[in-house]
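**Student:** Provided herewith: entry.json, JSON, C-alpha atoms.
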[["chain", "number", "residue", "atom", "x", "y", "z"],
["A", 1, "MET", "CA", 160.91, 262.02, 226.92],
["A", 2, "ARG", "CA", 161.62, 258.41, 226.07],
["A", 3, "ARG", "CA", 163.66, 256.00, 228.18],
["A", 4, "GLY", "CA", 167.38, 256.72, 227.77],
["A", 5, "GLU", "CA", 166.86, 260.23, 226.37],
["A", 6, "PRO", "CA", 169.38, 262.61, 227.99],
["A", 7, "LEU", "CA", 168.23, 265.53, 230.09],
["A", 8, "PHE", "CA", 171.74, 266.95, 230.41],
["A", 9, "ARG", "CA", 175.37, 265.82, 230.32],
["A", 10, "ALA", "CA", 178.21, 266.37, 232.75],
["A", 11, "GLY", "CA", 179.91, 269.64, 231.81],
["A", 12, "ASP", "CA", 176.78, 271.27, 230.37],
["A", 13, "GLU", "CA", 176.11, 274.77, 231.66],
["A", 14, "ILE", "CA", 173.28, 275.05, 234.18],
["A", 15, "HIS", "CA", 170.48, 277.29, 232.97],
["A", 16, "SER", "CA", 167.42, 275.61, 234.42],
["A", 17, "VAL", "CA", 165.85, 273.88, 237.40],
["A", 18, "ASP", "CA", 164.14, 270.67, 236.29],
["A", 19, "LEU", "CA", 161.13, 269.19, 238.08],
["A", 20, "VAL", "CA", 159.89, 265.69, 237.25],
["A", 21, "VAL", "CA", 156.17, 265.75, 236.41],
["A", 22, "ARG", "CA", 155.80, 262.05, 235.61],
["A", 23, "GLY", "CA", 158.09, 259.12, 235.01],
["A", 24, "SER", "CA", 161.59, 259.16, 236.49],
["A", 25, "VAL", "CA", 165.06, 260.53, 235.79],
["A", 26, "ARG", "CA", 168.36, 258.83, 236.60],
["A", 27, "VAL", "CA", 171.36, 260.98, 237.61],
["A", 28, "TYR", "CA", 174.66, 259.14, 237.17],
["A", 29, "ARG", "CA", 178.41, 259.37, 236.76],
["A", 30, "VAL", "CA", 180.53, 257.50, 234.23],
["A", 31, "ALA", "CA", 183.87, 255.97, 235.18],
["A", 32, "ARG", "CA", 187.00, 257.03, 233.35],
["A", 33, "GLY", "CA", 187.09, 255.18, 230.05],
["A", 34, "GLY", "CA", 183.30, 254.85, 230.01],
["A", 35, "THR", "CA", 183.32, 251.21, 231.09],
["A", 36, "ARG", "CA", 181.07, 251.59, 234.15],
["A", 37, "GLU", "CA", 178.30, 253.81, 235.39],
["A", 38, "LEU", "CA", 177.23, 254.67, 238.93],
["A", 39, "THR", "CA", 173.70, 255.89, 239.56],
["A", 40, "LEU", "CA", 173.75, 258.64, 242.19],
["A", 41, "HIS", "CA", 170.00, 258.91, 242.60],
["A", 42, "VAL", "CA", 166.70, 258.51, 240.78],
["A", 43, "GLU", "CA", 164.17, 261.34, 240.85],
["A", 44, "GLY", "CA", 160.44, 260.69, 240.53],
["A", 45, "PRO", "CA", 157.35, 262.91, 240.28],
["A", 46, "ARG", "CA", 157.52, 266.23, 242.20],
["A", 47, "GLN", "CA", 161.27, 265.89, 242.73],
["A", 48, "LEU", "CA", 164.01, 268.19, 241.45],
["A", 49, "VAL", "CA", 166.78, 266.87, 239.22],
["A", 50, "ALA", "CA", 170.22, 267.98, 240.44],
["A", 51, "GLY", "CA", 168.46, 270.84, 242.18],
["A", 52, "VAL", "CA", 171.33, 271.78, 244.48],
["A", 53, "VAL", "CA", 173.80, 272.58, 241.69],
["A", 54, "ALA", "CA", 171.19, 274.75, 239.96],
["A", 55, "PHE", "CA", 171.42, 277.15, 242.92],
["A", 56, "GLN", "CA", 175.16, 277.71, 242.58],
["A", 57, "GLY", "CA", 174.99, 280.56, 240.12],
["A", 58, "PRO", "CA", 178.13, 281.81, 238.33],
["A", 59, "LEU", "CA", 181.39, 280.61, 239.89],
["A", 60, "GLY", "CA", 184.83, 282.14, 240.38],
["A", 61, "PRO", "CA", 186.18, 285.67, 240.00],
["A", 62, "ALA", "CA", 185.44, 285.61, 236.27],
["A", 63, "LEU", "CA", 181.82, 284.58, 236.98],
["A", 64, "GLU", "CA", 182.17, 281.42, 234.92],
["A", 65, "PRO", "CA", 178.85, 279.58, 234.55],
["A", 66, "ALA", "CA", 178.21, 276.60, 236.81],
["A", 67, "CYS", "CA", 178.14, 273.20, 235.12],
["A", 68, "TYR", "CA", 176.46, 269.89, 235.86],
["A", 69, "PRO", "CA", 178.81, 267.40, 237.57],
["A", 70, "ALA", "CA", 176.87, 264.36, 236.32],
["A", 71, "HIS", "CA", 174.66, 263.05, 233.54],
["A", 72, "ALA", "CA", 170.87, 262.66, 233.67],
["A", 73, "GLU", "CA", 168.52, 260.64, 231.48],
["A", 74, "ALA", "CA", 164.92, 259.48, 231.43],
["A", 75, "LEU", "CA", 164.50, 256.12, 233.13],
["A", 76, "GLN", "CA", 160.94, 255.49, 231.95],
["A", 77, "THR", "CA", 158.79, 256.04, 228.87],
["A", 78, "PRO", "CA", 157.14, 258.47, 229.01],
["A", 79, "THR", "CA", 158.94, 260.89, 231.32],
["A", 80, "GLU", "CA", 157.81, 264.53, 231.51],
["A", 81, "VAL", "CA", 159.95, 267.28, 233.02],
["A", 82, "LEU", "CA", 159.03, 270.88, 233.79],
["A", 83, "ARG", "CA", 162.01, 273.12, 233.02],
["A", 84, "LEU", "CA", 162.21, 276.48, 234.82],
["A", 85, "SER", "CA", 164.77, 279.26, 234.50],
["A", 86, "ALA", "CA", 167.43, 278.81, 237.18],
["A", 87, "ASP", "CA", 167.85, 282.58, 237.51],
["A", 88, "ALA", "CA", 164.10, 283.09, 238.03],
["A", 89, "VAL", "CA", 163.89, 280.28, 240.60],
["A", 90, "ARG", "CA", 166.89, 281.56, 242.56],
["A", 91, "GLU", "CA", 165.41, 285.06, 242.61],
["A", 92, "ALA", "CA", 162.01, 283.80, 243.81],
["A", 93, "VAL", "CA", 163.60, 281.72, 246.57],
["A", 94, "CYS", "CA", 165.78, 284.60, 247.77],
["A", 95, "ARG", "CA", 162.79, 286.94, 247.94],
["A", 96, "THR", "CA", 160.52, 284.53, 249.84],
["A", 97, "PRO", "CA", 161.78, 283.41, 253.28],
["A", 98, "ALA", "CA", 159.18, 280.64, 253.63],
["A", 99, "LEU", "CA", 160.10, 279.26, 250.21],
["A", 100, "ALA", "CA", 163.81, 279.49, 251.03],
["A", 101, "GLN", "CA", 163.25, 277.55, 254.25],
["A", 102, "ALA", "CA", 161.32, 274.84, 252.37],
["A", 103, "VAL", "CA", 164.05, 274.56, 249.72],
["A", 104, "ILE", "CA", 166.80, 274.27, 252.35],
["A", 105, "ALA", "CA", 164.84, 271.55, 254.19],
["A", 106, "TYR", "CA", 164.31, 269.68, 250.90],
["A", 107, "PHE", "CA", 168.01, 269.81, 250.03],
["A", 108, "ALA", "CA", 168.92, 268.63, 253.54],
["A", 109, "ARG", "CA", 166.67, 265.57, 253.15],
["A", 110, "ARG", "CA", 168.12, 264.81, 249.71],
["A", 111, "GLN", "CA", 171.66, 265.11, 251.06],
["A", 112, "ALA", "CA", 170.85, 262.66, 253.86],
["A", 113, "GLU", "CA", 169.37, 260.22, 251.34],
["A", 114, "LEU", "CA", 172.46, 260.49, 249.13],
["A", 115, "LEU", "CA", 174.74, 259.84, 252.10],
["A", 116, "ARG", "CA", 172.73, 256.75, 253.06],
["A", 117, "ARG", "CA", 172.97, 255.50, 249.48],
["A", 118, "MET", "CA", 176.72, 256.05, 249.34],
["A", 119, "GLU", "CA", 177.11, 254.26, 252.67],
["A", 120, "GLY", "CA", 175.20, 251.29, 251.29],
["A", 121, "LEU", "CA", 177.30, 251.21, 248.12],
["A", 122, "VAL", "CA", 180.58, 251.38, 250.01],
["A", 123, "PHE", "CA", 179.85, 249.17, 253.02],
["A", 124, "GLY", "CA", 176.93, 246.97, 251.98],
["A", 125, "GLU", "CA", 177.04, 243.63, 250.19],
["A", 126, "LEU", "CA", 175.39, 243.28, 246.78],
["A", 127, "GLY", "CA", 172.78, 240.93, 248.24],
["A", 128, "GLU", "CA", 171.78, 243.61, 250.75],
["A", 129, "ARG", "CA", 171.52, 246.29, 248.09],
["A", 130, "LEU", "CA", 169.52, 244.12, 245.70],
["A", 131, "ALA", "CA", 167.16, 242.97, 248.46],
["A", 132, "ALA", "CA", 166.58, 246.59, 249.51],
["A", 133, "TYR", "CA", 165.94, 247.61, 245.89],
["A", 134, "LEU", "CA", 163.38, 244.83, 245.41],
["A", 135, "LEU", "CA", 161.59, 245.67, 248.66],
["A", 136, "GLU", "CA", 161.42, 249.34, 247.70],
["A", 137, "HIS", "CA", 160.30, 248.93, 244.09],
["A", 138, "ALA", "CA", 158.49, 245.59, 243.88],
["A", 139, "ALA", "CA", 155.79, 246.21, 246.49],
["A", 140, "GLN", "CA", 153.23, 246.33, 243.69],
["A", 141, "ALA", "CA", 153.82, 243.09, 241.81],
["A", 142, "PRO", "CA", 154.79, 242.31, 239.20],
["A", 143, "HIS", "CA", 157.57, 244.91, 238.98],
["A", 144, "PRO", "CA", 159.29, 245.37, 235.58],
["A", 145, "LEU", "CA", 163.02, 245.11, 236.21],
["A", 146, "PRO", "CA", 165.49, 247.42, 234.46],
["A", 147, "THR", "CA", 168.08, 245.73, 232.28],
["A", 148, "ASN", "CA", 170.95, 244.09, 234.14],
["A", 149, "SER", "CA", 173.22, 246.94, 232.99],
["A", 150, "GLU", "CA", 170.84, 249.58, 234.38],
["A", 151, "LEU", "CA", 170.30, 247.64, 237.59],
["A", 152, "ALA", "CA", 174.06, 247.24, 237.99],
["A", 153, "ALA", "CA", 174.49, 251.00, 237.65],
["A", 154, "LEU", "CA", 171.83, 251.55, 240.31],
["A", 155, "LEU", "CA", 173.51, 249.10, 242.69],
["A", 156, "GLY", "CA", 177.13, 250.06, 242.02],
["A", 157, "THR", "CA", 178.28, 246.75, 240.51],
["A", 158, "VAL", "CA", 178.55, 244.95, 237.15],
["A", 159, "PRO", "CA", 175.76, 243.24, 235.14],
["A", 160, "GLU", "CA", 177.21, 239.73, 235.54],
["A", 161, "LEU", "CA", 176.99, 239.89, 239.33],
["A", 162, "VAL", "CA", 173.44, 241.27, 239.19],
["A", 163, "SER", "CA", 172.36, 238.38, 236.96],
["A", 164, "ARG", "CA", 174.01, 235.88, 239.29],
["A", 165, "LYS", "CA", 172.42, 237.35, 242.40],
["A", 166, "LEU", "CA", 168.93, 237.52, 240.83],
["A", 167, "GLY", "CA", 169.30, 233.87, 239.88],
["A", 168, "GLU", "CA", 170.32, 233.04, 243.43],
["A", 169, "PHE", "CA", 167.27, 234.84, 244.87],
["A", 170, "TYR", "CA", 165.08, 232.95, 242.40],
["A", 171, "ARG", "CA", 166.54, 229.55, 243.29],
["A", 172, "LEU", "CA", 166.10, 230.30, 247.01],
["A", 173, "GLY", "CA", 162.43, 231.03, 246.42],
["A", 174, "LEU", "CA", 162.66, 234.69, 247.45],
["A", 175, "ILE", "CA", 161.36, 236.04, 244.14],
["A", 176, "HIS", "CA", 159.54, 234.87, 241.03],
["A", 177, "LEU", "CA", 160.91, 236.03, 237.67],
["A", 178, "GLU", "CA", 159.06, 236.01, 234.38],
["A", 179, "ARG", "CA", 160.10, 238.03, 231.31],
["A", 180, "ARG", "CA", 162.00, 240.65, 233.33],
["A", 181, "SER", "CA", 159.09, 241.07, 235.74],
["A", 182, "VAL", "CA", 159.68, 240.21, 239.39],
["A", 183, "THR", "CA", 157.29, 239.28, 242.20],
["A", 184, "ILE", "CA", 158.49, 238.97, 245.80],
["A", 185, "THR", "CA", 157.59, 235.60, 247.30],
["A", 186, "ASP", "CA", 159.42, 235.85, 250.64],
["A", 187, "THR", "CA", 159.29, 239.41, 251.98],
["A", 188, "GLU", "CA", 160.52, 238.45, 255.44],
["A", 189, "GLU", "CA", 163.72, 236.81, 254.19],
["A", 190, "LEU", "CA", 164.45, 239.65, 251.76],
["A", 191, "ALA", "CA", 163.99, 242.10, 254.63],
["A", 192, "ARG", "CA", 166.45, 240.08, 256.72],
["A", 193, "LEU", "CA", 168.99, 240.19, 253.89],
["A", 194, "ALA", "CA", 168.46, 243.93, 253.48],
["A", 195, "GLY", "CA", 168.97, 244.47, 257.20],
["A", 196, "ASP", "CA", 165.88, 246.70, 257.31],
["A", 197, "THR", "CA", 163.84, 246.31, 260.51],
["A", 198, "HIS", "CA", 161.02, 248.41, 258.98],
["A", 199, "PHE", "CA", 160.43, 245.86, 256.24],
["A", 200, "GLN", "CA", 160.83, 243.03, 258.75],
["A", 201, "ALA", "CA", 158.08, 244.50, 260.89],
["A", 202, "GLU", "CA", 155.77, 244.87, 257.87],
["A", 203, "GLY", "CA", 156.49, 241.35, 256.68],
["A", 204, "THR", "CA", 155.69, 239.77, 260.06],
["A", 205, "SER", "CA", 152.66, 241.87, 260.98]]
Rewrite the structure of this file - the entire thing - as C-alpha cells.

**Tutor:**
Amino acid sequence: MRRGEPLFRAGDEIHSVDLVVRGSVRVYRVARGGTRELTLHVEGPRQLVAGVVAFQGPLGPALEPACYPAHAEALQTPTEVLRLSADAVREAVCRTPALAQAVIAYFARRQAELLRRMEGLVFGELGERLAAYLLEHAAQAPHPLPTNSELAALLGTVPELVSRKLGEFYRLGLIHLERRSVTITDTEELARLAGDTHFQAEGTS
C-alpha cells in the first residue's frame, strides 16, 4: 500500500482482522462537513488495525453485520497488511483459552493507550502534545515529519497552529528543521514541556 491509500472507510462492513506487517496505518474520524480529521491511533508492525470492532460479529436481532466506526489509511510507503478472515480469527480465539487471554490483554492495553491519548487531546496544550510527539518519533534523527495537515490530525488541532508551534520550537532552539526533517536539539526542555518524567530522566542521565 502507498501512503494515503485507504484500508477501509467508516460504515464498511467488517469481514477481516488486519495486522500491520510493515509501515504504519492511521485510524481516524472525520468531523461533520469533512473540514477536520482526528487521528485516533496509529498502528505499526505487529499491531492490529481496529482489532476490537472485528470481534463484534453480527449485531442486533436481525444479525446485521458490524461496521467500522472510523476510517483507516496507510501512513507510510510502503505499508503491508496481512488480512485474515474475521470469522476464522474469532473461532480460533474462542477455541483456544491461552489465545483468548492474550487477545483480551492486548485489547486492554490498547484501550488504556487510547484513553491516555484522549486525555492528552482534551486536557493537554498543543505544545505538550507536539513535544511528546517529537520525543516519541524523533529519537532517531533526522525524523521525516508528516505534512502539517497530517500532524494536525494526529495532535487534534489545525495545520496553522502546528506550523506556528513548530516555528516556535525552532526559534527557541529546541529542534532543527530542514526540508520537513526534524532533529531534536534540546531533549531536556522538550521533556519538560511534554510533562514526561521518563524523558526527563533519559535526557539528564

**Student:** Name the closest residue to Gly173 in chain A among the candidates A:His71, A:Glu189, A:Val158, A:Asn148; distances are taken between atoms, counting all atoms listed in the file.

**Tutor:**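 Of A:His71, A:Glu189, A:Val158, A:Asn148, the one nearest Gly173 in chain A is A:Glu189, counting all atoms listed in the file.
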
**Student:** Could you list, with a cut-off of 12 Å and counting all atoms listed in the file, the residues of range 126-202 of chain A near range 72-75 of chain A, each shown with its nearest atom pair and the distance in Å rounded to one decimal, rows sorted by chain and ascending number, as a Markdown table?

**Tutor:**
| residue | atom | partner | partner_atom | distance |
| --- | --- | --- | --- | --- |
| A:Leu145 | CA | A:Leu75 | CA | 11.5 |
| A:Pro146 | CA | A:Leu75 | CA | 8.9 |
| A:Thr147 | CA | A:Leu75 | CA | 11.0 |
| A:Glu150 | CA | A:Leu75 | CA | 9.2 |
| A:Leu151 | CA | A:Leu75 | CA | 11.2 |
| A:Leu154 | CA | A:Leu75 | CA | 11.2 |

**Student:** Keeping only C-alpha atoms, write the selected residues as a PDB file, keeping the file's coordinate frame.

**Tutor:**
ATOM      1  CA  LEU A 145     163.020 245.110 236.210  1.00  0.00           C
ATOM      2  CA  PRO A 146     165.490 247.420 234.460  1.00  0.00           C
ATOM      3  CA  THR A 147     168.080 245.730 232.280  1.00  0.00           C
ATOM      4  CA  GLU A 150     170.840 249.580 234.380  1.00  0.00           C
ATOM      5  CA  LEU A 151     170.300 247.640 237.590  1.00  0.00           C
ATOM      6  CA  LEU A 154     171.830 251.550 240.310  1.00  0.00           C
TER       7      LEU A 154
END

**Student:** Could you give me, as a ChimeraX atom specification, the residues within 7 Å of Ser24 in chain A, counting all atoms listed in the file and dropping anything in the same chain fewer than 2 positions from it?

**Tutor:** /A:20,22,26,42-45,74-76,79

**Student:** Take the residues from that selection and write them out as a PDB file, keeping the file's coordinate frame, keeping C-alpha atoms.

**Tutor:**
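Okay, this is what ended up in part_27.pdb:
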ATOM      1  CA  VAL A  20     159.890 265.690 237.250  1.00  0.00           C
ATOM      2  CA  ARG A  22     155.800 262.050 235.610  1.00  0.00           C
ATOM      3  CA  ARG A  26     168.360 258.830 236.600  1.00  0.00           C
ATOM      4  CA  VAL A  42     166.700 258.510 240.780  1.00  0.00           C
ATOM      5  CA  GLU A  43     164.170 261.340 240.850  1.00  0.00           C
ATOM      6  CA  GLY A  44     160.440 260.690 240.530  1.00  0.00           C
ATOM      7  CA  PRO A  45     157.350 262.910 240.280  1.00  0.00           C
ATOM      8  CA  ALA A  74     164.920 259.480 231.430  1.00  0.00           C
ATOM      9  CA  LEU A  75     164.500 256.120 233.130  1.00  0.00           C
ATOM     10  CA  GLN A  76     160.940 255.490 231.950  1.00  0.00           C
ATOM     11  CA  THR A  79     158.940 260.890 231.320  1.00  0.00           C
TER      12      THR A  79
END

**Student:** Find the residues with any atom within 10 Å of (155.3, 239.3, 243.9); use only C-alpha atoms and the coordinates as given in the file, and write the answer as a ChimeraX atom specification.

**Tutor:** /A:134,138-143,174-177,181-187

**Student:** Go ahead and write the selection's residues with C-alpha atoms as a PDB file, keeping the file's coordinate frame.

**Tutor:**
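out.pdb was written with the following content:
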ATOM      1  CA  LEU A 134     163.380 244.830 245.410  1.00  0.00           C
ATOM      2  CA  ALA A 138     158.490 245.590 243.880  1.00  0.00           C
ATOM      3  CA  ALA A 139     155.790 246.210 246.490  1.00  0.00           C
ATOM      4  CA  GLN A 140     153.230 246.330 243.690  1.00  0.00           C
ATOM      5  CA  ALA A 141     153.820 243.090 241.810  1.00  0.00           C
ATOM      6  CA  PRO A 142     154.790 242.310 239.200  1.00  0.00           C
ATOM      7  CA  HIS A 143     157.570 244.910 238.980  1.00  0.00           C
ATOM      8  CA  LEU A 174     162.660 234.690 247.450  1.00  0.00           C
ATOM      9  CA  ILE A 175     161.360 236.040 244.140  1.00  0.00           C
ATOM     10  CA  HIS A 176     159.540 234.870 241.030  1.00  0.00           C
ATOM     11  CA  LEU A 177     160.910 236.030 237.670  1.00  0.00           C
ATOM     12  CA  SER A 181     159.090 241.070 235.740  1.00  0.00           C
ATOM     13  CA  VAL A 182     159.680 240.210 239.390  1.00  0.00           C
ATOM     14  CA  THR A 183     157.290 239.280 242.200  1.00  0.00           C
ATOM     15  CA  ILE A 184     158.490 238.970 245.800  1.00  0.00           C
ATOM     16  CA  THR A 185     157.590 235.600 247.300  1.00  0.00           C
ATOM     17  CA  ASP A 186     159.420 235.850 250.640  1.00  0.00           C
ATOM     18  CA  THR A 187     159.290 239.410 251.980  1.00  0.00           C
TER      19      THR A 187
END

**Student:** Which polymer residues have any atom within 8 Å of an atom of Ser16 in chain A, counting all atoms listed in the file, with same-chain residues fewer than 4 positions away left out, as number ranges by chain?

**Tutor:** A: 54, 83-87

**Student:** I need the residues from that last selection saved to file as a compact mmCIF listing (two decimals), keeping the file's coordinate frame (with C-alpha atoms), if you can.

**Tutor:**
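The resulting file, again.txt, is shown below:
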# COMPACT_ATOMS: atom_id res chain seq x y z
CA ALA A 54 171.19 274.75 239.96
CA ARG A 83 162.01 273.12 233.02
CA LEU A 84 162.21 276.48 234.82
CA SER A 85 164.77 279.26 234.50
CA ALA A 86 167.43 278.81 237.18
CA ASP A 87 167.85 282.58 237.51

**Student:** Here is a test: counting only C-alpha atoms, which residue of A:Glu128, A:Glu91, A:Glu80, A:Glu160 is nearest to Met1 in chain A?

**Tutor:**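 Checking each candidate against Met1 in chain A, we get A:Glu80 as the closest.
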
**Student:** Take every atom of range 9-23 of chain A listed in the file, pad by 4 Å on each side, and give me the axis-aligned box centre and edge lengths in Å, one decimal, as AutoDock Vina command-line options.

**Tutor:**
--center_x 167.9 --center_y 268.2 --center_z 234.2 --size_x 32.1 --size_y 26.2 --size_z 15.8

**Student:** With a distance cut-off of 12 Å and all atoms listed in the file, select the neighbouring residues of range 27-39 of chain A, excluding the residue or stretch itself and same-chain residues fewer than 5 positions from it, and output the selection as number ranges by chain.

**Tutor:** A: 4, 6-11, 44, 48-51, 68-75, 114, 117-118, 121, 149-159

**Student:** Can you save range 35-51 of chain A of the given block to a file, including C-alpha atoms and formatted as a PDB file, in the first residue's frame?

**Tutor:**
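Saved as part28.pdb:
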ATOM      1  CA  THR A  35     -13.376  20.049   7.438  1.00  0.00           C
ATOM      2  CA  ARG A  36     -11.261  18.389  10.142  1.00  0.00           C
ATOM      3  CA  GLU A  37      -9.827  14.997  10.950  1.00  0.00           C
ATOM      4  CA  LEU A  38      -8.905  13.459  14.297  1.00  0.00           C
ATOM      5  CA  THR A  39      -6.400  10.613  14.403  1.00  0.00           C
ATOM      6  CA  LEU A  40      -7.488   8.055  16.988  1.00  0.00           C
ATOM      7  CA  HIS A  41      -4.343   5.949  16.856  1.00  0.00           C
ATOM      8  CA  VAL A  42      -1.531   4.817  14.578  1.00  0.00           C
ATOM      9  CA  GLU A  43      -0.758   1.116  14.267  1.00  0.00           C
ATOM     10  CA  GLY A  44       2.735  -0.127  13.411  1.00  0.00           C
ATOM     11  CA  PRO A  45       4.253  -3.553  12.704  1.00  0.00           C
ATOM     12  CA  ARG A  46       2.699  -6.496  14.608  1.00  0.00           C
ATOM     13  CA  GLN A  47      -0.289  -4.402  15.671  1.00  0.00           C
ATOM     14  CA  LEU A  48      -3.948  -4.959  14.793  1.00  0.00           C
ATOM     15  CA  VAL A  49      -5.943  -2.277  12.993  1.00  0.00           C
ATOM     16  CA  ALA A  50      -9.307  -1.655  14.688  1.00  0.00           C
ATOM     17  CA  GLY A  51      -8.999  -5.136  16.139  1.00  0.00           C
TER      18      GLY A  51
END
